[in-house]
$ cat start_1.cif   # mmCIF, C-alpha atoms
data_upload
#
loop_
_atom_site.label_atom_id
_atom_site.label_comp_id
_atom_site.auth_asym_id
_atom_site.auth_seq_id
_atom_site.Cartn_x
_atom_site.Cartn_y
_atom_site.Cartn_z
CA MET A 25 74.33 109.30 122.08
CA LYS A 26 77.81 107.99 122.80
CA ASP A 27 79.16 105.29 120.48
CA PHE A 28 82.30 103.52 121.69
CA ASN A 29 82.71 101.64 118.40
CA LYS A 30 83.35 104.82 116.42
CA VAL A 31 86.87 106.15 115.90
CA LEU A 32 87.86 109.52 114.47
CA ILE A 33 91.35 109.83 112.98
CA LEU A 34 92.82 113.28 112.33
CA THR A 35 95.76 113.06 109.96
CA TYR A 36 97.28 115.67 107.67
CA TYR A 37 98.75 112.99 105.42
CA TRP A 38 96.21 110.83 103.60
CA PRO A 39 95.93 109.39 100.07
CA PRO A 40 96.55 110.63 97.47
CA SER A 41 99.52 111.91 99.47
CA GLY A 42 102.45 109.63 98.73
CA GLY A 43 105.54 108.73 100.72
CA SER A 44 106.07 106.67 103.83
CA GLY A 45 104.36 108.97 106.36
CA VAL A 46 100.89 108.42 104.93
CA GLN A 47 101.02 104.64 104.97
CA ARG A 48 100.90 104.09 108.74
CA TRP A 49 97.34 105.32 109.31
CA MET A 50 96.16 104.44 105.85
CA TYR A 51 96.80 100.78 106.68
CA PHE A 52 95.63 101.08 110.29
CA ALA A 53 92.33 102.50 109.05
CA LYS A 54 91.97 99.77 106.46
CA TYR A 55 92.51 96.95 108.95
CA LEU A 56 90.62 98.53 111.85
CA LYS A 57 87.57 98.73 109.60
CA ALA A 58 88.03 95.05 108.73
CA LEU A 59 88.11 94.34 112.48
CA GLY A 60 84.71 95.95 112.94
CA TRP A 61 85.51 99.53 113.90
CA GLU A 62 83.44 102.36 112.40
CA LEU A 63 85.97 104.89 111.15
CA SER A 64 85.92 108.52 110.11
CA VAL A 65 88.97 110.41 108.87
CA ILE A 66 89.45 114.17 108.79
CA THR A 67 92.28 115.31 106.55
CA VAL A 68 93.26 118.19 104.30
CA ASP A 69 92.12 118.74 100.74
CA GLU A 70 95.06 117.59 98.60
CA LYS A 71 94.52 120.54 96.26
CA GLN A 72 95.53 122.86 99.10
CA ALA A 73 97.93 120.63 101.02
CA SER A 74 101.72 120.83 101.13
CA TYR A 75 102.33 117.25 100.00
CA PRO A 76 105.86 116.50 98.72
CA VAL A 77 104.57 113.72 96.43
CA LEU A 78 101.29 112.17 95.30
CA ASP A 79 100.42 108.50 94.87
CA HIS A 80 96.87 108.09 93.57
CA GLN A 81 97.18 104.30 93.65
CA LEU A 82 96.98 104.42 97.45
CA LEU A 83 93.37 105.60 97.22
CA GLU A 84 92.39 102.02 96.45
CA GLU A 85 93.52 100.96 99.93
CA VAL A 86 91.06 103.29 101.68
CA LYS A 87 88.15 103.43 99.26
CA ASP A 88 85.71 102.19 101.93
CA ILE A 89 86.77 104.68 104.62
CA ALA A 90 84.62 107.76 105.33
CA VAL A 91 86.86 110.76 104.67
CA LEU A 92 86.15 114.43 105.23
CA LYS A 93 88.58 116.86 103.56
CA THR A 94 88.96 120.42 104.81
CA ASP A 95 90.44 123.69 103.68
CA THR A 96 93.78 124.85 105.06
CA LYS A 97 96.08 127.86 105.17
CA GLU A 98 99.59 126.90 104.15
CA PRO A 99 102.40 129.23 105.28
CA LEU A 100 104.75 126.40 104.26
CA LYS A 101 104.10 127.31 100.62
CA ILE A 102 105.51 130.79 101.22
CA TYR A 103 108.55 129.21 102.88
CA SER A 104 108.95 126.90 99.89
CA LYS A 105 108.80 129.90 97.57
CA LEU A 106 111.68 131.54 99.47
CA ILE A 107 113.81 128.38 99.36
CA SER A 108 113.07 126.87 95.95
CA GLY A 109 111.41 129.67 93.99
CA SER A 110 108.21 127.65 93.71
CA ARG A 111 105.17 127.32 95.97
CA LYS A 112 104.58 123.82 94.57
CA LYS A 113 108.04 122.44 95.32
CA VAL A 114 107.54 121.47 98.95
CA ILE A 115 110.54 121.24 101.28
CA PRO A 116 110.82 117.60 102.36
CA GLN A 117 110.62 116.75 106.04
CA GLY A 118 114.02 116.09 107.56
CA HIS A 119 115.79 118.64 105.39
CA VAL A 120 116.80 122.18 106.39
CA ASN A 121 118.69 124.14 103.77
CA LYS A 122 121.32 126.42 105.37
CA LYS A 123 123.31 127.39 102.27
CA GLY A 124 123.27 131.15 101.85
CA TRP A 125 121.75 133.95 103.89
CA MET A 126 118.27 133.57 102.40
CA ALA A 127 118.16 129.88 103.35
CA LYS A 128 119.33 130.66 106.88
CA PHE A 129 116.78 133.47 107.21
CA SER A 130 114.03 131.17 105.95
CA ALA A 131 115.09 128.45 108.42
CA PHE A 132 114.84 131.06 111.20
CA ILE A 133 111.31 132.01 110.08
CA ARG A 134 110.32 128.37 109.88
CA GLY A 135 111.66 127.63 113.36
CA ASN A 136 110.36 130.70 115.20
CA PHE A 137 107.08 131.66 113.57
CA PHE A 138 105.64 128.24 112.67
CA ILE A 139 105.32 126.51 116.04
CA PRO A 140 105.13 123.57 116.34
CA ASP A 141 105.36 123.44 112.52
CA ALA A 142 104.39 125.13 109.28
CA ARG A 143 101.25 123.05 108.77
CA ILE A 144 99.50 124.54 111.79
CA GLY A 145 97.25 126.48 109.40
CA TRP A 146 95.19 123.31 109.01
CA ASN A 147 94.19 123.22 112.69
CA THR A 148 91.33 125.73 112.60
CA PHE A 149 89.58 123.86 109.81
CA ALA A 150 90.23 120.40 111.26
CA LEU A 151 88.98 121.44 114.70
CA SER A 152 85.75 122.89 113.33
CA GLU A 153 84.88 119.74 111.39
CA ALA A 154 85.92 117.45 114.24
CA LYS A 155 83.57 119.23 116.65
CA LYS A 156 80.65 118.82 114.25
CA LEU A 157 81.40 115.15 113.67
CA ILE A 158 81.80 114.30 117.37
CA GLN A 159 78.50 115.97 118.22
CA LYS A 160 76.65 114.45 115.27
CA GLU A 161 78.00 110.89 115.49
CA GLY A 162 78.58 110.55 119.24
CA ILE A 163 82.22 109.63 118.64
CA GLN A 164 84.12 108.68 121.79
CA LYS A 165 87.56 107.74 120.46
CA VAL A 166 89.86 110.22 118.70
CA ILE A 167 93.37 109.70 117.34
CA THR A 168 95.74 112.42 116.13
CA THR A 169 99.00 111.60 114.37
CA GLY A 170 102.14 113.63 113.81
CA PRO A 171 104.22 114.87 112.16
CA PRO A 172 102.91 117.43 111.71
CA HIS A 173 102.72 117.53 115.51
CA SER A 174 100.52 120.61 115.26
CA SER A 175 97.72 118.09 114.60
CA HIS A 176 97.93 117.04 118.26
CA LEU A 177 96.85 120.53 119.30
CA VAL A 178 93.48 119.77 117.70
CA GLY A 179 93.21 116.68 119.88
CA LEU A 180 94.18 118.74 122.93
CA GLN A 181 91.32 121.17 122.29
CA LEU A 182 88.82 118.38 121.60
CA LYS A 183 89.80 116.66 124.85
CA ALA A 184 89.16 119.89 126.75
CA GLN A 185 85.70 120.36 125.23
CA PHE A 186 84.31 116.83 124.94
CA ASP A 187 84.15 113.69 127.07
CA ILE A 188 86.30 111.62 124.70
CA GLN A 189 89.24 109.25 124.78
CA TRP A 190 92.16 110.69 122.84
CA TRP A 191 95.40 109.11 121.71
CA ALA A 192 98.33 111.04 120.21
CA ASP A 193 100.50 109.10 117.77
CA PHE A 194 104.16 110.15 117.65
CA ARG A 195 105.50 108.75 114.38
CA ASP A 196 108.68 110.77 114.98
CA PRO A 197 110.03 112.77 117.93
CA TRP A 198 108.59 116.25 118.46
CA THR A 199 110.87 118.75 120.24
CA ASP A 200 113.74 116.26 120.12
CA ILE A 201 113.60 115.77 116.34
CA PHE A 202 117.12 115.95 114.91
CA TYR A 203 116.60 118.86 112.51
CA ASN A 204 115.24 121.32 115.11
CA LYS A 205 118.84 122.27 115.93
CA ASP A 206 119.15 123.73 112.42
CA LEU A 207 116.16 126.08 112.73
CA TYR A 208 117.90 128.84 114.74
CA ARG A 209 115.16 128.75 117.36
CA THR A 210 115.14 131.38 120.06
CA VAL A 211 114.78 130.41 123.72
CA LEU A 212 111.20 131.71 123.62
CA ALA A 213 110.33 129.56 120.60
CA GLN A 214 111.87 126.49 122.20
CA LYS A 215 109.93 127.05 125.42
CA LYS A 216 106.67 127.45 123.51
CA ASP A 217 107.26 124.23 121.59
CA VAL A 218 108.20 122.31 124.75
CA SER A 219 105.09 123.64 126.45
CA TRP A 220 102.80 122.40 123.67
CA GLU A 221 104.48 119.00 123.65
CA SER A 222 104.18 118.71 127.43
CA LYS A 223 100.46 119.55 127.38
CA VAL A 224 99.83 116.91 124.72
CA LEU A 225 101.85 114.25 126.52
CA GLN A 226 100.16 114.91 129.84
CA ASN A 227 96.56 115.30 128.66
CA ALA A 228 96.20 112.51 126.11
CA ASP A 229 94.67 109.25 127.33
CA GLY A 230 97.56 107.41 125.71
CA ILE A 231 100.56 107.89 123.44
CA PHE A 232 101.36 105.69 120.46
CA THR A 233 104.96 105.47 119.24
CA THR A 234 106.66 103.60 116.41
CA VAL A 235 109.62 102.47 118.48
CA GLY A 236 110.51 101.90 122.14
CA GLY A 237 113.93 102.20 123.75
CA ASN A 238 115.51 105.64 123.89
CA PHE A 239 112.52 107.32 122.22
CA VAL A 240 110.00 106.22 124.86
CA GLN A 241 112.47 106.77 127.69
CA LYS A 242 112.76 110.46 126.79
CA LEU A 243 108.97 110.82 126.54
CA THR A 244 108.48 109.04 129.86
CA ILE A 245 110.67 111.61 131.59
CA LYS A 246 108.40 114.33 130.23
CA ALA A 247 105.19 112.51 131.20
CA PRO A 248 105.97 109.84 133.84
CA ASN A 249 102.31 108.97 134.45
CA GLN A 250 101.42 108.52 130.79
CA LYS A 251 100.57 105.24 129.07
CA PHE A 252 102.82 104.50 126.10
CA HIS A 253 101.88 101.93 123.46
CA ILE A 254 104.48 100.84 120.91
CA LEU A 255 102.91 100.29 117.49
CA PRO A 256 105.77 99.75 115.02
CA ASN A 257 105.66 100.69 111.40
CA GLY A 258 105.18 97.53 109.40
CA TYR A 259 104.87 96.14 105.91
CA ASP A 260 101.96 95.21 103.67
CA GLN A 261 102.15 91.43 103.60
CA ASP A 262 99.64 91.03 100.75
CA LEU A 263 101.56 93.48 98.55
CA ILE A 264 104.93 91.88 99.26
CA LEU A 265 103.55 88.45 98.33
CA ALA A 266 101.79 89.76 95.22
CA VAL A 267 104.89 91.37 93.68
CA PRO A 268 107.21 88.74 92.14
CA LYS A 269 110.96 88.57 92.71
CA THR A 270 112.93 89.49 89.57
CA SER A 271 116.59 89.72 88.62
CA ILE A 272 118.73 91.62 86.15
CA LYS A 273 122.24 90.85 84.88
CA PRO A 274 124.17 93.65 86.63
CA PHE A 275 124.78 93.51 90.37
CA HIS A 276 121.71 95.54 91.23
CA ILE A 277 121.76 97.84 94.26
CA VAL A 278 118.55 99.69 95.20
CA TYR A 279 117.79 102.70 97.36
CA THR A 280 114.25 104.04 97.85
CA GLY A 281 112.98 107.03 99.82
CA LEU A 282 114.15 110.46 100.88
CA LEU A 283 117.88 111.14 100.60
CA THR A 284 119.41 114.32 102.07
CA ASP A 285 122.74 115.81 103.06
CA ASN A 286 121.97 114.67 106.60
CA GLN A 287 122.59 111.02 105.68
CA ASP A 288 125.99 109.32 105.34
CA TYR A 289 125.69 107.95 101.81
CA ILE A 290 129.09 108.99 100.40
CA PRO A 291 131.21 106.23 102.05
CA VAL A 292 129.06 103.53 100.43
CA ILE A 293 129.15 105.27 97.04
CA LYS A 294 132.95 105.44 97.21
CA VAL A 295 133.18 101.72 98.00
CA LEU A 296 130.91 100.90 95.07
CA ASN A 297 133.08 102.92 92.72
CA GLU A 298 136.20 101.11 93.93
CA MET A 299 134.52 97.75 93.35
CA ALA A 300 133.26 98.61 89.88
CA ASP A 301 136.41 97.37 88.14
CA HIS A 302 135.26 93.83 88.90
CA PRO A 303 131.44 93.59 88.77
CA TYR A 304 129.09 95.60 86.58
CA ILE A 305 127.13 97.62 89.13
CA ARG A 306 123.81 99.37 88.66
CA LEU A 307 122.56 101.65 91.43
CA SER A 308 118.84 102.37 91.16
CA LEU A 309 117.46 105.24 93.21
CA ALA A 310 113.80 106.12 93.68
CA GLY A 311 112.23 108.79 95.82
CA ASN A 312 112.55 112.42 96.79
CA ILE A 313 116.19 113.14 95.97
CA ASN A 314 117.60 116.57 95.21
CA ASP A 315 119.47 117.17 91.95
CA HIS A 316 122.67 118.19 93.73
CA ILE A 317 122.75 114.89 95.64
CA LEU A 318 122.30 112.92 92.42
CA GLU A 319 125.13 114.88 90.85
CA ASN A 320 127.28 114.26 93.90
CA ILE A 321 126.67 110.52 93.58
CA ARG A 322 127.49 110.55 89.86
CA GLN A 323 130.75 112.45 90.44
CA THR A 324 131.75 110.20 93.35
CA ALA A 325 131.05 106.99 91.42
CA PRO A 326 131.65 107.56 87.70
CA LYS A 327 132.35 103.84 87.15
CA ILE A 328 128.88 102.59 88.08
CA GLU A 329 125.54 102.96 86.30
CA ILE A 330 123.16 105.35 88.05
CA ASP A 331 119.46 104.91 87.32
CA PHE A 332 117.30 107.57 88.98
CA LYS A 333 113.62 106.73 88.68
CA GLY A 334 112.13 109.67 90.58
CA TYR A 335 109.19 109.07 92.88
CA LEU A 336 107.49 105.71 92.30
CA PRO A 337 104.01 104.61 93.42
CA HIS A 338 104.21 102.23 96.37
CA LYS A 339 103.64 99.03 94.38
CA GLU A 340 106.31 99.98 91.84
CA ALA A 341 108.74 100.81 94.65
CA ILE A 342 108.22 97.32 96.09
CA ALA A 343 108.84 95.81 92.64
CA LEU A 344 112.11 97.78 92.39
CA MET A 345 113.19 96.48 95.83
CA LYS A 346 112.45 92.91 94.81
CA SER A 347 114.59 93.31 91.68
CA GLY A 348 117.62 94.18 93.79
CA ASP A 349 120.59 92.11 94.94
CA LEU A 350 121.24 94.57 97.78
CA LEU A 351 119.06 97.23 99.43
CA LEU A 352 120.64 100.37 100.90
CA ASN A 353 119.41 102.43 103.83
CA PHE A 354 120.92 105.54 105.46
CA ILE A 355 119.80 106.63 108.92
CA PHE A 356 119.41 110.39 109.47
CA LYS A 357 122.30 111.73 111.52
CA GLY A 358 121.03 112.39 115.02
CA ALA A 359 118.02 110.10 114.60
CA ASP A 360 119.81 106.78 115.09
CA LEU A 361 118.26 106.04 118.47
CA ASP A 362 114.73 107.30 117.88
CA MET A 363 113.36 105.94 114.63
CA ILE A 364 112.66 102.77 112.66
CA SER A 365 111.20 103.57 109.27
CA GLY A 366 108.44 101.57 107.64
CA LYS A 367 110.72 101.27 104.63
CA LEU A 368 113.19 99.22 106.66
CA LEU A 369 110.45 96.70 107.49
CA GLU A 370 109.51 96.53 103.82
CA TYR A 371 113.16 95.95 102.95
CA LEU A 372 113.32 93.02 105.36
CA ALA A 373 110.04 91.56 104.10
CA THR A 374 111.41 91.35 100.53
CA GLU A 375 114.12 88.89 101.73
CA VAL A 376 116.76 90.87 99.80
CA PRO A 377 120.04 91.57 101.70
CA VAL A 378 120.00 94.92 103.52
CA LEU A 379 122.92 97.23 104.26
CA SER A 380 122.08 100.19 106.49
CA ILE A 381 124.46 102.95 107.57
CA GLY A 382 124.10 104.18 111.13
CA ASP A 383 124.63 103.25 114.77
CA PRO A 384 124.74 99.42 115.15
CA GLN A 385 123.37 99.80 118.71
CA SER A 386 120.32 101.78 117.60
CA GLU A 387 116.81 100.32 117.63
CA ALA A 388 117.03 99.91 113.86
CA GLY A 389 120.42 98.22 114.25
CA LYS A 390 119.00 95.76 116.77
CA LEU A 391 116.14 95.00 114.41
CA LEU A 392 118.48 94.28 111.50
CA SER A 393 120.57 91.97 113.68
CA LEU A 394 117.55 89.64 113.85
CA ALA A 395 117.76 88.97 110.09
CA SER A 396 120.11 86.51 108.40
CA PHE A 397 121.61 88.87 105.80
CA ALA A 398 121.21 92.42 107.08
CA GLN A 399 123.50 94.71 109.03
CA MET A 400 123.76 98.22 110.43
CA ILE A 401 127.32 99.50 109.94
CA ASP A 402 128.93 102.73 111.06
CA ALA A 403 129.77 105.06 108.16
CA GLU A 404 133.44 105.11 109.14
CA ASP A 405 133.82 101.32 109.09
CA ILE A 406 134.78 101.16 105.43
CA GLU A 407 136.19 97.62 105.60
CA ALA A 408 132.95 96.26 107.06
CA ILE A 409 130.91 98.06 104.40
CA LYS A 410 133.09 96.64 101.64
CA ALA A 411 132.98 93.11 103.10
CA PHE A 412 129.19 93.16 103.29
CA ILE A 413 128.80 94.35 99.69
CA GLU A 414 131.31 91.77 98.42
CA LYS A 415 129.41 89.02 100.24
CA ALA A 416 126.17 90.12 98.60
CA PHE A 417 127.89 90.14 95.20
CA ARG A 418 129.21 86.59 95.66
CA LYS A 419 125.71 85.40 96.55
CA LYS A 420 123.89 87.16 93.72
CA ASN A 421 120.67 85.28 92.88
CA LYS A 422 121.31 82.91 95.79
CA ALA A 423 120.99 85.12 98.87
CA ARG A 424 117.83 85.04 100.96
CA ASN A 425 117.60 87.46 103.87
CA GLN A 426 115.32 85.71 106.35
CA MET A 427 113.94 87.05 109.61
CA ALA A 428 112.18 84.88 112.16
CA ASP A 429 108.61 85.92 112.97
CA ILE A 430 108.62 88.57 110.24
CA LYS A 431 104.84 88.14 109.98
CA LYS A 432 104.33 89.79 113.36
CA TRP A 433 105.56 93.01 111.71
CA SER A 434 102.80 93.00 109.09
CA ARG A 435 100.50 96.03 109.08
CA GLU A 436 97.51 93.75 109.66
CA ASN A 437 98.96 92.15 112.79
CA ILE A 438 100.04 95.49 114.23
CA ALA A 439 96.50 96.80 113.62
CA VAL A 440 95.21 93.93 115.77
CA SER A 441 97.40 95.21 118.63
CA LEU A 442 95.98 98.70 118.08
CA SER A 443 92.45 97.31 118.18
CA VAL A 444 93.15 95.67 121.53
CA VAL A 445 94.28 99.02 122.98
CA LEU A 446 91.10 100.73 121.74
CA GLU A 447 88.88 97.93 123.11
CA LYS A 448 90.43 98.00 126.59
CA SER A 449 90.11 101.75 127.00
#
$ encode --input "start_1.cif" --output "structure tokens"
Amino acid sequence: MKDFNKVLILTYYWPPSGGSGVQRWMYFAKYLKALGWELSVITVDEKQASYPVLDHQLLEEVKDIAVLKTDTKEPLKIYSKLISGSRKKVIPQGHVNKKGWMAKFSAFIRGNFFIPDARIGWNTFALSEAKKLIQKEGIQKVITTGPPHSSHLVGLQLKAQFDIQWWADFRDPWTDIFYNKDLYRTVLAQKKDVSWESKVLQNADGIFTTVGGNFVQKLTIKAPNQKFHILPNGYDQDLILAVPKTSIKPFHIVYTGLLTDNQDYIPVIKVLNEMADHPYIRLSLAGNINDHILENIRQTAPKIEIDFKGYLPHKEAIALMKSGDLLLNFIFKGADLDMISGKLLEYLATEVPVLSIGDPQSEAGKLLSLASFAQMIDAEDIEAIKAFIEKAFRKKNKARNQMADIKKWSRENIAVSLSVVLEKS
């Protein structure tokens, strides 16, 4: 018997996976259930998954959601062994190591043998369990989310075999993702990847994206008859309100999240070092940050205090943000026009001044322009970077970065928009 109130979500990332990628559908599931939807989630067993970080505190957010965890085969662990010498040290998304012949060879393997991506080994297990669940529960609505975009191939197969409604959620671009150019892909590999993407775009009943503008325009060219629904990443309003604002004596600058060589962080670090003769500056960093980047920061700015906290659970990361006088963000080179991270929304929700490095005309730049004390500045505009930091220093403990209608960006409100899409289908 068909049940149009039941929704099946297939997502590789799920608590206790940590990081920003997991939070989108973790929160959507939480709030969709509160709105009356009956949810089931199929994900991978965390003991077998290639998760960069774990955050067991996130399990509390989804304790009432029915979750089925499957086995997987992880070729990514072999790739990680080649790159880092450890199967457990997972290569973070957005980073392709090209230093040395082994790294280049491994990038070639990653780009030409793991298509669309190296987590495709999960598909067989996810598909098997999804078939059973659809037949048993009469599920009519299925959502797949990527990265990893290989997850969408499960949705493609389910759509071909069952009379279901299927939405594919593109959290990031697929074939147009900025780091694909570093994977030494052959023409054959590129064609195969484009073919998979095209089939997904053309066969899904709808496509969810995190941002409009250039991102959706490129997808529309590939699937002109498709329905695109923009569901931004947001922030957890309850968590932001629950964590108090704090202050420390030094001028406190905070960065959270992934930091790679593909982000323009050095110009800001140089400016901070030049300023350090006047204020006492502490730079706190939290997240997935390689040792060589930390060392590079320390050598570039010997005059400032560097406090690396490693990966922090989500609530502790919010507390760190709210202890800052200035929050830093660095857009991935080549991704300026296509992405707005959930972290950026959380930054804005804290009401702490935000300095982001990237294209001022990007979607993220336009978003920041709506706030009272936030700006996207090009990495080469050193004077503008310095002026912004000096302004934040002068207004220490007095600055309040306000954004009109910030509440519409809450995860709960965005989930209401998602619910409307599901109801109308």
$ atom_distance --input "start_1.cif" --atom1 "CA of Gln181 in chain A" --atom2 "CA of Val65 in chain A"
17.4 Å
$ resolve_selection --input "start_1.cif" --expression "the PyMOL selection byres ((chain A and resi 231) around 7)" --output "PyMOL selection string"
chain A and resi 191-193+228+230+232-233+251-253
$ resolve_selection --input "start_1.cif" --expression "the PyMOL selection byres ((chain A and resi 276) around 6)" --output "list of chain:residue names"
A:Pro274, A:Phe275, A:Ile277, A:Arg306, A:Gly348, A:Asp349
$ atom_distance --input "start_1.cif" --atom1 "CA of Lys215 in chain A" --atom2 "CA of Gly45 in chain A"
26.9 Å
$ axis_aligned_box --input "start_1.cif" --around "range 192-211 of chain A" --padding-each-side "8 Å" --output "JSON"
{"center_x": 108.7, "center_y": 120.1, "center_z": 118.1, "size_x": 36.8, "size_y": 38.6, "size_z": 27.3}
$ atom_distance --input "start_1.cif" --atom1 "CA of Arg209 in chain A" --atom2 "CA of Pro172 in chain A"
17.6 Å
$ resolve_selection --input "start_1.cif" --expression "the PyMOL selection byres ((chain A and resi 238-246) around 9)" --output "ChimeraX atom specification"
/A:196-197,200,221-222,225-226,233,235-237,247-252,254,361-363,386-387
$ write_last_selection --input "start_1.cif" --atoms "C-alpha atoms" --output "mmCIF file, in the coordinates of the input"
data_model
loop_
_atom_site.group_PDB
_atom_site.id
_atom_site.type_symbol
_atom_site.label_atom_id
_atom_site.label_comp_id
_atom_site.auth_asym_id
_atom_site.auth_seq_id
_atom_site.Cartn_x
_atom_site.Cartn_y
_atom_site.Cartn_z
ATOM 1 C CA ASP A 196 108.680 110.770 114.980
ATOM 2 C CA PRO A 197 110.030 112.770 117.930
ATOM 3 C CA ASP A 200 113.740 116.260 120.120
ATOM 4 C CA GLU A 221 104.480 119.000 123.650
ATOM 5 C CA SER A 222 104.180 118.710 127.430
ATOM 6 C CA LEU A 225 101.850 114.250 126.520
ATOM 7 C CA GLN A 226 100.160 114.910 129.840
ATOM 8 C CA THR A 233 104.960 105.470 119.240
ATOM 9 C CA VAL A 235 109.620 102.470 118.480
ATOM 10 C CA GLY A 236 110.510 101.900 122.140
ATOM 11 C CA GLY A 237 113.930 102.200 123.750
ATOM 12 C CA ALA A 247 105.190 112.510 131.200
ATOM 13 C CA PRO A 248 105.970 109.840 133.840
ATOM 14 C CA ASN A 249 102.310 108.970 134.450
ATOM 15 C CA GLN A 250 101.420 108.520 130.790
ATOM 16 C CA LYS A 251 100.570 105.240 129.070
ATOM 17 C CA PHE A 252 102.820 104.500 126.100
ATOM 18 C CA ILE A 254 104.480 100.840 120.910
ATOM 19 C CA LEU A 361 118.260 106.040 118.470
ATOM 20 C CA ASP A 362 114.730 107.300 117.880
ATOM 21 C CA MET A 363 113.360 105.940 114.630
ATOM 22 C CA SER A 386 120.320 101.780 117.600
ATOM 23 C CA GLU A 387 116.810 100.320 117.630
#
$ closest_residue --input "start_1.cif" --among "A:Gln81, A:Asn314, A:Ser219, A:Ser443" --to "Ser41 in chain A" --atoms "all atoms listed in the file"
A:Gln81
$ residues_around --input "start_1.cif" --residues "range 33-35 of chain A" --least-positions-apart "3" --cutoff "7 Å" --atoms "only C-alpha atoms" --output "count of residues only"
9
$ closest_residue --input "start_1.cif" --among "A:Leu350, A:Ile139, A:Ala439, A:Ile317" --to "Thr374 in chain A" --atoms "all atoms listed in the file"
A:Leu350
$ closest_residue --input "start_1.cif" --among "A:Thr234, A:Phe138, A:Phe149, A:Gly162" --to "Gln214 in chain A" --atoms "only C-alpha atoms"
A:Phe138
$ closest_residue --input "start_1.cif" --among "A:Gly43, A:Gly258, A:Pro268, A:Pro326" --to "Met345 in chain A" --atoms "only C-alpha atoms"
A:Pro268
$ closest_residue --input "start_1.cif" --among "A:Tyr51, A:Tyr289, A:Phe356, A:Phe332" --to "Ile409 in chain A" --atoms "all atoms listed in the file"
A:Tyr289
